[in-house]
Amino acid sequence: GALDGQLKCRQRSTSMSTEKFPKLQLQQVLYKLSNFLLLLAATSTLWTPCDSSRSLGWGIVGDVPRGDTDEYLSLVRTDYRFRIQGDYVRYSIDIRINPCQDETIAGGLGTSCCSGTAVAGCQHHPEVDGGDDLQVAYFQNAHIPNCRDTLFESDPNCGTFLEIHRPSERTILADVGIDDDDYVSGYQTTWLATHRICVGDHELWWVVRTPAGPIVKQVKTFYVRSPSCDAPAGSPDPPEAGLPDPEIP
């Protein structure tokens, strides 16, 4: 009798385990499937067919406006945080204005005098004239953050840029990306548009644009000698006649 009871107990436990096992497997499959569907739904807003005319990024699906336009600049975040990098503390950042202006010092190399060279080959002339594009040189002896090969590659709020500003003003007057190379060998040069700048003090900012906002790592000041700007809207007209001639010849 005891033996029969044990056999019946084993049969019941075996039948219960065989009934539960398929249910447990089904639950696991459904759980994984639900997670996959949630992930697919979350990423579907960032996915588009492979098409060179489409660009992806944070909330941008479609054509990103061409650079150096008001439409493009309106997309760039300006909630800056300043984290100025001191020389030789962790790494060094340097920016130079008009690095090849003096043709004698450039040694006949023209605008390429500062490409891939040490600091001795790069001039610095912080007084400039607007109109033509402004050549600048830049250097960092560490990795330059970039967004290549990511969903945010074409997003204007991702990567490392140089920006022209009025002192302590957030408005961007011009910008250019400088993160084509992860590690630069010597100084590299690039060009910035100057059609929005006019007489007065300006600053060139080294900015790393991140999901948490843009971070300013270095600031270089320069002065624009010309052209003068039009008078702001609503300002009084200048007098038609100048000062009278002096009475004493």
# chains A, B, ... in the order shown; residues from 1 in each chain; ligands from 1

$ residues_around --residues "Gly67 in chain A" --least-positions-apart "3" --cutoff "10 Å" --atoms "only C-alpha atoms" --output "PyMOL selection string"
chain A and resi 64+70-73+156+174-176

$ residues_around --residues "range 122-134 of chain A" --least-positions-apart "3" --cutoff "6 Å" --atoms "only C-alpha atoms" --output "list in words"
Arg96, Ile97, Asn98, Pro99, Cys114, Val119, Trp191, Leu192, Ala193, Thr194, His195, Phe222, Tyr223, Val224, Arg225 and Ser226 of chain A

$ closest_residue --among "A:Val199, A:Cys147, A:Cys100, A:Ala120" --to "Gly186 in chain A" --atoms "only C-alpha atoms"
A:Ala120

$ atom_distance --atom1 "CA of Thr150 in chain A" --atom2 "CA of Val219 in chain A"
28.2 Å

$ select_by_dssp --residues "range 167-237 of chain A" --states "strand (DSSP E or B)" --output "ChimeraX atom specification"
/A:174-177,188-192,200-210,213-226

$ residues_around --residues "Val184 in chain A" --least-positions-apart "4" --cutoff "9 Å" --atoms "only C-alpha atoms" --output "ChimeraX atom specification"
/A:116,139-144,188

$ residues_around --residues "Gly86 in chain A" --least-positions-apart "6" --cutoff "9 Å" --atoms "only C-alpha atoms" --output "PDB file with N, CA and C atoms, in the first residue's frame"
ATOM      1  N   SER A  92      45.751  69.944 -23.728  1.00  0.00           N
ATOM      2  CA  SER A  92      45.842  71.345 -24.145  1.00  0.00           C
ATOM      3  C   SER A  92      45.018  71.591 -25.393  1.00  0.00           C
ATOM      4  N   ILE A  93      44.396  72.772 -25.444  1.00  0.00           N
ATOM      5  CA  ILE A  93      43.643  73.238 -26.604  1.00  0.00           C
ATOM      6  C   ILE A  93      44.217  74.590 -27.001  1.00  0.00           C
ATOM      7  N   LYS A 217      35.070  74.793 -24.151  1.00  0.00           N
ATOM      8  CA  LYS A 217      36.342  74.324 -23.596  1.00  0.00           C
ATOM      9  C   LYS A 217      37.470  75.334 -23.735  1.00  0.00           C
ATOM     10  N   GLN A 218      37.339  76.285 -24.670  1.00  0.00           N
ATOM     11  CA  GLN A 218      38.394  77.282 -24.858  1.00  0.00           C
ATOM     12  C   GLN A 218      37.801  78.510 -25.538  1.00  0.00           C
TER      13      GLN A 218
END
